[in-house]
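Peer 1: File my_file_38.txt follows (compact mmCIF, C-alpha atoms):
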```txt
# COMPACT_ATOMS: atom_id res chain seq x y z
CA MET A 744 102.84 220.25 35.40
CA ARG A 745 102.72 218.63 31.95
CA ILE A 746 105.26 215.91 31.14
CA LEU A 747 105.84 214.06 27.86
CA LEU A 748 107.70 210.75 27.67
CA ASN A 749 108.85 209.25 24.36
CA ARG A 750 110.09 205.73 23.61
CA GLN A 751 109.84 203.89 20.30
CA SER A 752 110.91 200.27 20.79
CA GLY A 753 109.72 196.78 21.78
CA VAL A 754 106.90 195.69 24.05
CA GLY A 755 109.17 194.95 27.01
CA ASP A 756 110.61 198.46 27.07
CA ILE A 757 107.16 200.04 26.89
CA LEU A 758 106.06 197.91 29.85
CA ILE A 759 109.16 199.05 31.76
CA LEU A 760 108.16 202.63 30.98
CA THR A 761 104.85 202.05 32.79
CA SER A 762 106.82 201.70 36.04
CA VAL A 763 108.54 205.03 35.35
CA VAL A 764 105.18 206.74 34.80
CA LYS A 765 103.89 205.23 38.05
CA ALA A 766 106.89 206.60 39.98
CA ILE A 767 106.55 210.05 38.38
CA ARG A 768 102.86 210.23 39.34
CA LYS A 769 103.64 209.09 42.88
CA ASN A 770 106.13 211.95 43.26
CA ASN A 771 103.90 214.44 41.39
CA PRO A 772 100.26 213.41 41.92
CA SER A 773 98.92 216.45 40.08
CA ALA A 774 101.19 216.04 37.04
CA GLU A 775 99.66 215.24 33.65
CA VAL A 776 101.87 212.60 32.03
CA ASP A 777 101.47 212.03 28.30
CA VAL A 778 103.29 209.22 26.51
CA CYS A 779 104.38 208.83 22.92
CA THR A 780 105.34 205.20 22.34
CA SER A 781 105.14 202.27 20.02
CA TYR A 782 102.39 199.77 20.97
CA PRO A 783 100.01 202.46 22.28
CA GLU A 784 97.48 199.72 23.07
CA LEU A 785 99.61 198.74 26.09
CA TRP A 786 98.41 201.89 27.89
CA LEU A 787 94.72 200.94 27.70
CA GLY A 788 93.20 201.40 31.15
CA ASN A 789 96.40 202.81 32.67
CA LYS A 790 95.23 205.46 35.15
CA ASP A 791 98.66 207.03 35.55
CA VAL A 792 98.69 208.27 31.95
CA HIS A 793 96.77 211.38 30.94
CA ARG A 794 97.02 210.88 27.18
CA VAL A 795 98.72 208.71 24.55
CA VAL A 796 99.88 211.01 21.77
CA PRO A 797 101.06 210.28 18.20
CA TYR A 798 104.73 210.53 17.26
CA ASP A 799 104.27 213.74 15.26
CA VAL A 800 103.50 215.50 18.57
CA PHE A 801 106.97 214.57 19.84
CA GLN A 802 108.58 215.59 16.56
CA GLY A 803 106.63 218.84 16.12
CA ASN A 804 106.26 222.16 17.86
CA GLU A 805 103.47 220.94 20.12
CA LYS A 806 105.98 219.43 22.53
CA ARG A 807 106.96 222.99 23.50
CA ARG A 808 103.70 223.14 25.44
CA TYR A 809 105.11 220.63 27.93
CA ASP A 810 107.00 221.66 31.05
CA LYS A 811 109.24 218.64 30.71
CA VAL A 812 110.02 216.30 27.80
CA ILE A 813 112.02 213.11 28.41
CA ASP A 814 113.24 211.20 25.38
CA PHE A 815 113.94 207.55 26.24
CA ASN A 816 114.99 206.56 22.72
CA PHE A 817 118.37 204.81 22.88
CA CYS A 818 118.62 205.50 26.63
CA VAL A 819 119.42 201.82 27.23
CA GLU A 820 121.41 201.22 24.03
CA SER A 821 125.19 201.36 24.08
CA ARG A 822 127.35 203.37 21.72
CA ARG A 823 129.06 200.16 20.67
CA VAL A 824 125.85 198.47 19.55
CA HIS A 825 124.35 201.69 18.14
CA PRO A 826 127.36 203.90 17.28
CA ARG A 827 125.29 206.87 16.09
CA GLU A 828 122.35 206.86 18.48
CA GLY A 829 123.51 204.92 21.56
CA ARG A 830 123.67 207.05 24.70
CA ILE A 831 125.34 204.84 27.27
CA SER A 832 128.74 203.25 27.64
CA GLU A 833 129.38 199.57 27.00
CA TRP A 834 130.10 199.17 30.72
CA ALA A 835 126.66 200.52 31.67
CA TYR A 836 124.99 198.36 29.00
CA MET A 837 126.67 195.24 30.38
CA ASN A 838 126.43 196.06 34.08
CA VAL A 839 123.30 198.10 34.91
CA PRO A 840 119.82 196.51 34.96
CA ARG A 841 117.54 197.76 32.19
CA VAL A 842 114.89 199.04 34.62
CA ASP A 843 117.54 201.10 36.43
CA LEU A 844 118.66 202.72 33.16
CA PHE A 845 115.10 203.85 32.47
CA PHE A 846 114.71 205.27 35.98
CA LYS A 847 118.04 207.10 35.82
CA ARG A 848 117.11 208.63 32.47
CA ALA A 849 113.97 210.03 34.15
CA GLY A 850 115.99 211.38 37.06
CA LEU A 851 114.47 208.84 39.45
CA ASP A 852 116.04 206.54 42.02
CA PRO A 853 115.70 202.91 40.80
CA LYS A 854 114.73 202.01 44.37
CA GLU A 855 111.41 203.72 43.63
CA PHE A 856 110.52 200.86 41.28
CA SER A 857 107.30 199.22 42.45
CA GLY A 858 106.45 196.91 39.58
CA LEU A 859 105.15 197.31 36.06
CA SER A 860 101.58 198.43 35.35
CA TYR A 861 99.10 196.85 32.99
CA CYS A 862 95.31 196.61 32.90
CA VAL A 863 93.76 193.40 31.56
CA GLN A 864 90.24 194.14 30.30
CA THR A 865 87.30 191.97 31.37
CA ARG A 866 86.69 190.77 27.80
CA GLU A 867 90.37 189.76 27.59
CA LYS A 868 90.09 187.68 30.75
CA LEU A 869 87.05 185.94 29.25
CA TYR A 870 89.01 185.33 26.03
CA ALA A 871 91.84 183.66 27.97
CA ARG A 872 89.48 181.52 30.04
CA ASN A 873 87.76 180.43 26.85
CA VAL A 874 91.09 179.38 25.33
CA PHE A 875 91.86 177.33 28.46
CA HIS A 876 88.31 175.90 28.59
CA GLN A 877 89.30 172.60 26.92
CA PHE A 878 91.62 171.74 29.80
CA SER A 879 90.85 170.00 33.06
CA GLN A 880 90.80 172.62 35.80
CA ARG A 881 92.44 170.13 38.14
CA ARG A 882 95.74 170.58 36.30
CA LYS A 883 97.93 173.68 36.36
CA THR A 884 98.14 175.52 33.02
CA ILE A 885 101.47 176.67 31.61
CA VAL A 886 101.86 179.22 28.82
CA TYR A 887 105.03 178.43 26.87
CA VAL A 888 106.48 181.27 24.75
CA LEU A 889 108.45 179.60 21.98
CA ASN A 890 110.55 182.40 20.59
CA SER A 891 112.08 185.79 20.94
CA ILE A 892 112.26 187.98 17.87
CA SER A 893 116.04 187.58 18.27
CA PRO A 894 117.07 184.03 17.27
CA TYR A 895 120.10 184.02 19.56
CA ARG A 896 117.79 184.46 22.58
CA THR A 897 115.44 181.65 21.49
CA TYR A 898 115.60 178.24 23.17
CA PRO A 899 116.26 175.53 20.52
CA ILE A 900 113.02 173.92 19.39
CA ARG A 901 114.16 170.35 20.00
CA LEU A 902 114.76 171.26 23.67
CA SER A 903 111.48 173.16 23.92
CA LEU A 904 109.67 170.06 22.69
CA GLU A 905 111.38 168.02 25.41
CA VAL A 906 110.20 170.52 28.03
CA ILE A 907 106.62 170.47 26.72
CA ARG A 908 106.60 166.67 26.59
CA GLY A 909 107.92 166.48 30.15
CA LEU A 910 105.31 168.94 31.44
CA VAL A 911 102.47 167.05 29.76
CA HIS A 912 103.74 163.79 31.23
CA SER A 913 103.84 165.52 34.62
CA SER A 914 100.12 166.34 34.27
CA TYR A 915 100.37 170.02 33.34
CA ASN A 916 98.32 171.71 30.64
CA VAL A 917 100.52 173.53 28.10
CA VAL A 918 99.57 176.30 25.66
CA THR A 919 102.28 177.38 23.22
CA VAL A 920 102.34 180.95 21.94
CA GLY A 921 104.80 182.91 19.84
CA THR A 922 105.32 184.47 16.44
CA ILE A 923 107.38 181.72 14.86
CA ARG A 924 105.81 181.71 11.39
CA ARG A 925 105.29 185.47 11.33
CA VAL A 926 108.96 186.07 12.16
CA TRP A 927 110.69 183.24 10.28
CA GLY A 928 108.18 181.82 7.81
CA GLU A 929 106.49 178.42 7.39
CA LYS A 930 109.54 176.77 5.80
CA HIS A 931 112.05 177.73 8.46
CA PRO A 932 113.57 174.59 10.12
CA PHE A 933 112.36 175.84 13.53
CA CYS A 934 108.76 175.92 12.32
CA ILE A 935 108.97 172.57 10.51
CA HIS A 936 110.54 170.84 13.52
CA TYR A 937 107.89 172.32 15.82
CA ARG A 938 104.99 171.33 13.55
CA ASP A 939 106.24 167.76 13.29
CA GLY A 940 107.18 167.54 16.95
CA VAL A 941 103.74 168.38 18.39
CA LEU A 942 101.76 165.95 16.22
CA GLY A 943 101.62 163.24 18.86
CA PHE A 944 100.85 165.42 21.87
CA ASP A 945 97.70 164.71 23.86
CA LYS A 946 95.26 167.43 22.81
CA SER A 947 93.48 167.23 26.17
CA GLN A 948 96.63 168.73 27.74
CA PHE A 949 98.24 170.60 24.85
CA LEU A 950 97.13 173.51 22.66
CA ASP A 951 99.12 175.06 19.82
CA TRP A 952 98.22 178.77 19.89
CA THR A 953 101.28 180.07 17.98
CA ASP A 954 100.74 183.00 15.62
CA MET A 955 97.18 183.30 16.97
CA THR A 956 97.54 186.21 19.39
CA SER A 957 97.92 189.95 19.43
CA VAL A 958 100.18 191.43 22.09
CA ARG A 959 97.22 192.05 24.38
CA ASP A 960 95.85 188.54 23.76
CA MET A 961 99.18 187.04 24.80
CA ILE A 962 99.31 189.10 27.98
CA ALA A 963 95.72 188.09 28.77
CA LEU A 964 96.71 184.42 28.51
CA ILE A 965 99.70 185.04 30.76
CA SER A 966 97.47 186.79 33.31
CA GLU A 967 95.14 183.78 33.57
CA CYS A 968 97.67 180.91 33.56
CA ASP A 969 99.54 179.44 36.52
CA CYS A 970 103.03 179.94 35.12
CA VAL A 971 104.71 181.23 31.96
CA ILE A 972 107.94 179.91 30.44
CA THR A 973 109.68 182.37 28.17
CA PRO A 974 113.02 183.40 26.73
CA ASP A 975 114.23 186.97 27.23
CA THR A 976 111.36 188.69 25.45
CA SER A 977 108.21 190.74 26.11
CA ALA A 978 106.44 187.95 28.03
CA LEU A 979 109.11 188.19 30.73
CA HIS A 980 108.09 191.79 31.47
CA ALA A 981 104.39 191.06 30.96
CA SER A 982 104.52 188.40 33.67
CA ASN A 983 105.65 191.01 36.19
CA ALA A 984 102.99 193.45 35.02
CA VAL A 985 100.19 190.93 35.68
CA GLY A 986 101.80 189.09 38.62
CA THR A 987 102.16 185.62 37.09
CA PRO A 988 105.04 183.32 38.13
CA CYS A 989 107.62 183.09 35.36
CA VAL A 990 110.47 180.76 34.41
CA ALA A 991 112.77 182.78 32.14
CA LEU A 992 115.44 181.23 29.92
CA PHE A 993 118.64 183.22 29.47
CA GLY A 994 121.74 182.77 27.34
CA ASN A 995 124.26 185.47 26.50
CA ILE A 996 122.52 188.21 28.51
CA HIS A 997 122.82 187.95 32.28
CA PRO A 998 119.35 187.61 33.85
CA GLN A 999 120.12 190.21 36.51
CA LEU A 1000 120.29 192.82 33.74
CA ARG A 1001 116.70 192.07 32.74
CA CYS A 1002 114.77 190.84 35.77
CA ASP A 1003 116.77 191.89 38.82
CA ARG A 1004 113.72 193.75 40.17
CA TYR A 1005 111.10 191.12 39.23
CA PRO A 1006 110.42 188.89 42.29
CA ASN A 1007 107.99 186.73 40.29
CA VAL A 1008 110.71 185.57 37.85
CA ARG A 1009 112.92 182.50 38.24
CA PRO A 1010 115.78 182.83 35.73
CA VAL A 1011 117.29 179.65 34.27
CA PHE A 1012 120.67 179.61 32.54
CA SER A 1013 123.48 177.12 32.07
CA CYS A 1014 126.11 179.72 32.90
CA PRO A 1015 126.41 183.48 32.54
CA PRO A 1016 128.52 183.03 29.39
CA CYS A 1017 129.60 186.63 28.88
CA LEU A 1018 129.65 187.52 32.59
CA CYS A 1019 131.04 185.85 35.68
CA GLY A 1020 132.57 186.46 39.09
CA ASP A 1021 131.00 189.35 40.95
CA ARG A 1022 127.44 190.34 40.27
CA TYR A 1023 127.96 192.10 36.93
CA SER A 1024 131.71 191.86 36.30
CA ILE A 1025 132.88 191.20 32.75
CA ILE A 1026 135.50 188.59 31.95
CA LYS A 1027 138.24 189.49 29.49
CA GLU A 1028 137.74 186.51 27.23
CA GLN A 1029 134.09 185.97 26.35
CA CYS A 1030 132.98 182.62 24.97
CA MET A 1031 131.18 184.52 22.22
CA SER A 1032 131.68 188.08 21.03
CA TRP A 1033 128.81 190.38 20.10
CA GLU A 1034 129.85 190.08 16.46
CA GLU A 1035 129.54 186.28 16.66
CA ILE A 1036 126.14 186.52 18.33
CA GLU A 1037 124.86 188.75 15.52
CA SER A 1038 126.40 186.64 12.74
CA PRO A 1039 124.21 184.98 10.07
CA SER A 1040 125.05 181.49 11.36
CA ILE A 1041 123.87 182.36 14.87
CA ARG A 1042 120.69 183.90 13.44
CA ARG A 1043 119.94 180.52 11.88
CA ILE A 1044 120.79 178.16 14.72
CA GLY A 1045 120.58 180.18 17.95
CA ALA A 1046 123.32 180.91 20.45
CA ARG A 1047 125.31 178.02 21.92
CA CYS A 1048 124.60 179.16 25.46
CA MET A 1049 120.85 178.62 25.00
CA GLU A 1050 121.53 175.04 23.89
CA MET A 1051 123.31 174.40 27.20
CA ILE A 1052 120.14 174.77 29.31
CA PRO A 1053 118.92 171.25 30.26
CA PRO A 1054 115.16 170.68 29.72
CA GLU A 1055 115.01 168.89 33.07
CA LYS A 1056 116.16 172.08 34.80
CA VAL A 1057 113.35 174.06 33.18
CA ILE A 1058 110.74 171.48 34.21
CA GLN A 1059 112.03 171.41 37.78
CA GLU A 1060 111.83 175.21 38.05
CA VAL A 1061 108.20 175.06 36.95
CA LYS A 1062 107.50 172.52 39.68
CA ASN A 1063 109.30 174.73 42.20
CA ILE A 1064 107.42 177.90 41.29
CA VAL A 1065 103.85 176.60 40.75
```
Rewrite the structure from the file as structure tokens, please.
Peer 2:
Amino acid sequence: MRILLNRQSGVGDILILTSVVKAIRKNNPSAEVDVCTSYPELWLGNKDVHRVVPYDVFQGNEKRRYDKVIDFNFCVESRRVHPREGRISEWAYMNVPRVDLFFKRAGLDPKEFSGLSYCVQTREKLYARNVFHQFSQRRKTIVYVLNSISPYRTYPIRLSLEVIRGLVHSSYNVVTVGTIRRVWGEKHPFCIHYRDGVLGFDKSQFLDWTDMTSVRDMIALISECDCVITPDTSALHASNAVGTPCVALFGNIHPQLRCDRYPNVRPVFSCPPCLCGDRYSIIKEQCMSWEEIESPSIRRIGARCMEMIPPEKVIQEVKNIV
């Protein structure tokens, strides 16, 4: 049986798709599963995948050669957020974990989820160990992911600096990663505040590695560290794929929608601002509407709910998990 899966989106979603492929192969050991995705490099070394194919295969007549074709594009996007392409209701978007939506689209039971799959190459492990080489091995090493590509999901830089300072003072090594200058530019206030804020940090315990990594480099660093701190972004999913403890910072999106099936993740949030009560129930009056979250002012300053997370709470979770 030949199966083709298609998903063009961010790193986190492609990593989630690896768990779907794993479940399909478990149910159909003889099946040949091809994937057509963005970030094809994420499938390097994945033994569940037969072939990574270019997008024109999915668009063209060649896909007729497959016994089954599953299109995951917009399978987790709501019709409200994406009026033309979105496939699910707003209720499902706000109430069903993202992993479960992927499994249901494939016709699988979400209970079959057994973790994400990712293969760190030997040379990548050596790269990560070389980056960490400057640090004393007696101290635990934390990888701190500074930003999500979405500003409203990014922890304010002044608070991140407090967390880093507190970890260094608590005798942890800290490596910062992220795409802050690539995403926002050198002159963005976030980048300026960060650059000025790290000047006095002890270089024997701190390393600025922002804008220095590819996706695979970042995952390699996460695989070799003792703990990763990240907002709701690809590193959250990567931590599950490589089995590294993770402290994840959440604001307007309830953590159970993103990491409900990730036992390695400790979510931190000040409150579930848009959700409360029962596990996924929605309150009638949200503290911030979707339109406000997507507004230009929010894109500049970040969501209020992220500002409500105390740095001390983040530091304590690291101590609890490492």
Peer 1: Would you mind telling me which residue in A:Pro974, A:Pro840, A:Pro826, A:Pro853 lies nearest to Ile900 (chain A) when using all atoms listed in the file?
Peer 2: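 For Ile900 (chain A), the nearest of the given residues is A:Pro974.
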Peer 1: When you look at Lys883 (chain A) with a cut-off of 8 Å (counting all atoms listed in the file), what residues show up, excluding the ones that are within fewer than 3 positions of it in the same chain? I need them as a list of chain:residue names.
Peer 2: A:Gln880, A:Ser914, A:Tyr915, A:Asn916, A:Cys968, A:Asp969, A:Val1065
Peer 1: Given the point (106.9, 187.7, 28.2) in the coordinates of this file, which residues lie within 10 Å, counting all atoms listed in the file, and how would they look as an mmCIF file with C-alpha atoms, in the coordinates of the input?
Peer 2:
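Resulting contents of part-v4.cif:
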```
data_model
loop_
_atom_site.group_PDB
_atom_site.id
_atom_site.type_symbol
_atom_site.label_atom_id
_atom_site.label_comp_id
_atom_site.auth_asym_id
_atom_site.auth_seq_id
_atom_site.Cartn_x
_atom_site.Cartn_y
_atom_site.Cartn_z
ATOM 1 C CA VAL A 754 106.900 195.690 24.050
ATOM 2 C CA GLY A 755 109.170 194.950 27.010
ATOM 3 C CA VAL A 886 101.860 179.220 28.820
ATOM 4 C CA TYR A 887 105.030 178.430 26.870
ATOM 5 C CA VAL A 888 106.480 181.270 24.750
ATOM 6 C CA ASN A 890 110.550 182.400 20.590
ATOM 7 C CA SER A 891 112.080 185.790 20.940
ATOM 8 C CA GLY A 921 104.800 182.910 19.840
ATOM 9 C CA VAL A 958 100.180 191.430 22.090
ATOM 10 C CA MET A 961 99.180 187.040 24.800
ATOM 11 C CA ILE A 962 99.310 189.100 27.980
ATOM 12 C CA ILE A 965 99.700 185.040 30.760
ATOM 13 C CA VAL A 971 104.710 181.230 31.960
ATOM 14 C CA ILE A 972 107.940 179.910 30.440
ATOM 15 C CA THR A 973 109.680 182.370 28.170
ATOM 16 C CA PRO A 974 113.020 183.400 26.730
ATOM 17 C CA ASP A 975 114.230 186.970 27.230
ATOM 18 C CA THR A 976 111.360 188.690 25.450
ATOM 19 C CA SER A 977 108.210 190.740 26.110
ATOM 20 C CA ALA A 978 106.440 187.950 28.030
ATOM 21 C CA LEU A 979 109.110 188.190 30.730
ATOM 22 C CA HIS A 980 108.090 191.790 31.470
ATOM 23 C CA ALA A 981 104.390 191.060 30.960
ATOM 24 C CA SER A 982 104.520 188.400 33.670
ATOM 25 C CA ASN A 983 105.650 191.010 36.190
ATOM 26 C CA ALA A 984 102.990 193.450 35.020
ATOM 27 C CA CYS A 989 107.620 183.090 35.360
ATOM 28 C CA VAL A 990 110.470 180.760 34.410
ATOM 29 C CA ALA A 991 112.770 182.780 32.140
#
```
Peer 1: Closest to Asp954 (chain A) among A:Leu992, A:Ile935, A:Val926, A:Val911, using all atoms listed in the file?
Peer 2: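 Using all atoms listed in the file, the shortest distance to Asp954 (chain A) belongs to A:Val926.
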Peer 1: Counting all atoms listed in the file, note down every residue that has an atom within 12 Å of the point (110.9, 166.5, 30.3) (file coordinates), as an MDAnalysis selection string.
Peer 2: chainID A and resid 901:915 1053:1062
Peer 1: For His793 (chain A), please output as a PyMOL selection string all residues within 12 Å (counting only C-alpha atoms; exclusion window: fewer than 2 positions along the same chain).
Peer 2: chain A and resi 744-748+764-765+768+772-779+786-791+795-796
Peer 1: Using the incomplete input, complete region 952-966 of chain A to the level of N, CA and C atoms; output as a PDB file, in the coordinates of the input.
Peer 2:
```
ATOM      1  N   TRP A 952      98.853 177.477  20.106  1.00  0.00           N
ATOM      2  CA  TRP A 952      98.220 178.770  19.890  1.00  0.00           C
ATOM      3  C   TRP A 952      99.235 179.760  19.277  1.00  0.00           C
ATOM      4  N   THR A 953     100.258 179.215  18.592  1.00  0.00           N
ATOM      5  CA  THR A 953     101.280 180.070  17.980  1.00  0.00           C
ATOM      6  C   THR A 953     100.699 180.863  16.829  1.00  0.00           C
ATOM      7  N   ASP A 954     101.171 182.086  16.680  1.00  0.00           N
ATOM      8  CA  ASP A 954     100.740 183.000  15.620  1.00  0.00           C
ATOM      9  C   ASP A 954      99.234 183.274  15.660  1.00  0.00           C
ATOM     10  N   MET A 955      98.626 183.125  16.832  1.00  0.00           N
ATOM     11  CA  MET A 955      97.180 183.300  16.970  1.00  0.00           C
ATOM     12  C   MET A 955      96.822 184.502  17.856  1.00  0.00           C
ATOM     13  N   THR A 956      97.829 185.177  18.399  1.00  0.00           N
ATOM     14  CA  THR A 956      97.540 186.210  19.390  1.00  0.00           C
ATOM     15  C   THR A 956      98.082 187.578  18.992  1.00  0.00           C
ATOM     16  N   SER A 957      97.366 188.592  19.425  1.00  0.00           N
ATOM     17  CA  SER A 957      97.920 189.950  19.430  1.00  0.00           C
ATOM     18  C   SER A 957      98.754 190.077  20.701  1.00  0.00           C
ATOM     19  N   VAL A 958      99.414 191.205  20.864  1.00  0.00           N
ATOM     20  CA  VAL A 958     100.180 191.430  22.090  1.00  0.00           C
ATOM     21  C   VAL A 958      99.260 191.378  23.311  1.00  0.00           C
ATOM     22  N   ARG A 959      98.133 192.026  23.241  1.00  0.00           N
ATOM     23  CA  ARG A 959      97.220 192.050  24.380  1.00  0.00           C
ATOM     24  C   ARG A 959      96.613 190.669  24.628  1.00  0.00           C
ATOM     25  N   ASP A 960      96.349 189.906  23.577  1.00  0.00           N
ATOM     26  CA  ASP A 960      95.850 188.540  23.760  1.00  0.00           C
ATOM     27  C   ASP A 960      96.866 187.705  24.525  1.00  0.00           C
ATOM     28  N   MET A 961      98.135 187.817  24.128  1.00  0.00           N
ATOM     29  CA  MET A 961      99.180 187.040  24.800  1.00  0.00           C
ATOM     30  C   MET A 961      99.269 187.402  26.272  1.00  0.00           C
ATOM     31  N   ILE A 962      99.219 188.687  26.576  1.00  0.00           N
ATOM     32  CA  ILE A 962      99.310 189.100  27.980  1.00  0.00           C
ATOM     33  C   ILE A 962      98.082 188.630  28.759  1.00  0.00           C
ATOM     34  N   ALA A 963      96.929 188.603  28.112  1.00  0.00           N
ATOM     35  CA  ALA A 963      95.720 188.090  28.770  1.00  0.00           C
ATOM     36  C   ALA A 963      95.898 186.618  29.132  1.00  0.00           C
ATOM     37  N   LEU A 964      96.461 185.835  28.219  1.00  0.00           N
ATOM     38  CA  LEU A 964      96.710 184.420  28.510  1.00  0.00           C
ATOM     39  C   LEU A 964      97.681 184.265  29.669  1.00  0.00           C
ATOM     40  N   ILE A 965      98.721 185.088  29.678  1.00  0.00           N
ATOM     41  CA  ILE A 965      99.700 185.040  30.760  1.00  0.00           C
ATOM     42  C   ILE A 965      99.043 185.395  32.093  1.00  0.00           C
ATOM     43  N   SER A 966      98.124 186.350  32.072  1.00  0.00           N
ATOM     44  CA  SER A 966      97.470 186.790  33.310  1.00  0.00           C
ATOM     45  C   SER A 966      96.581 185.712  33.914  1.00  0.00           C
TER      46      SER A 966
END
```
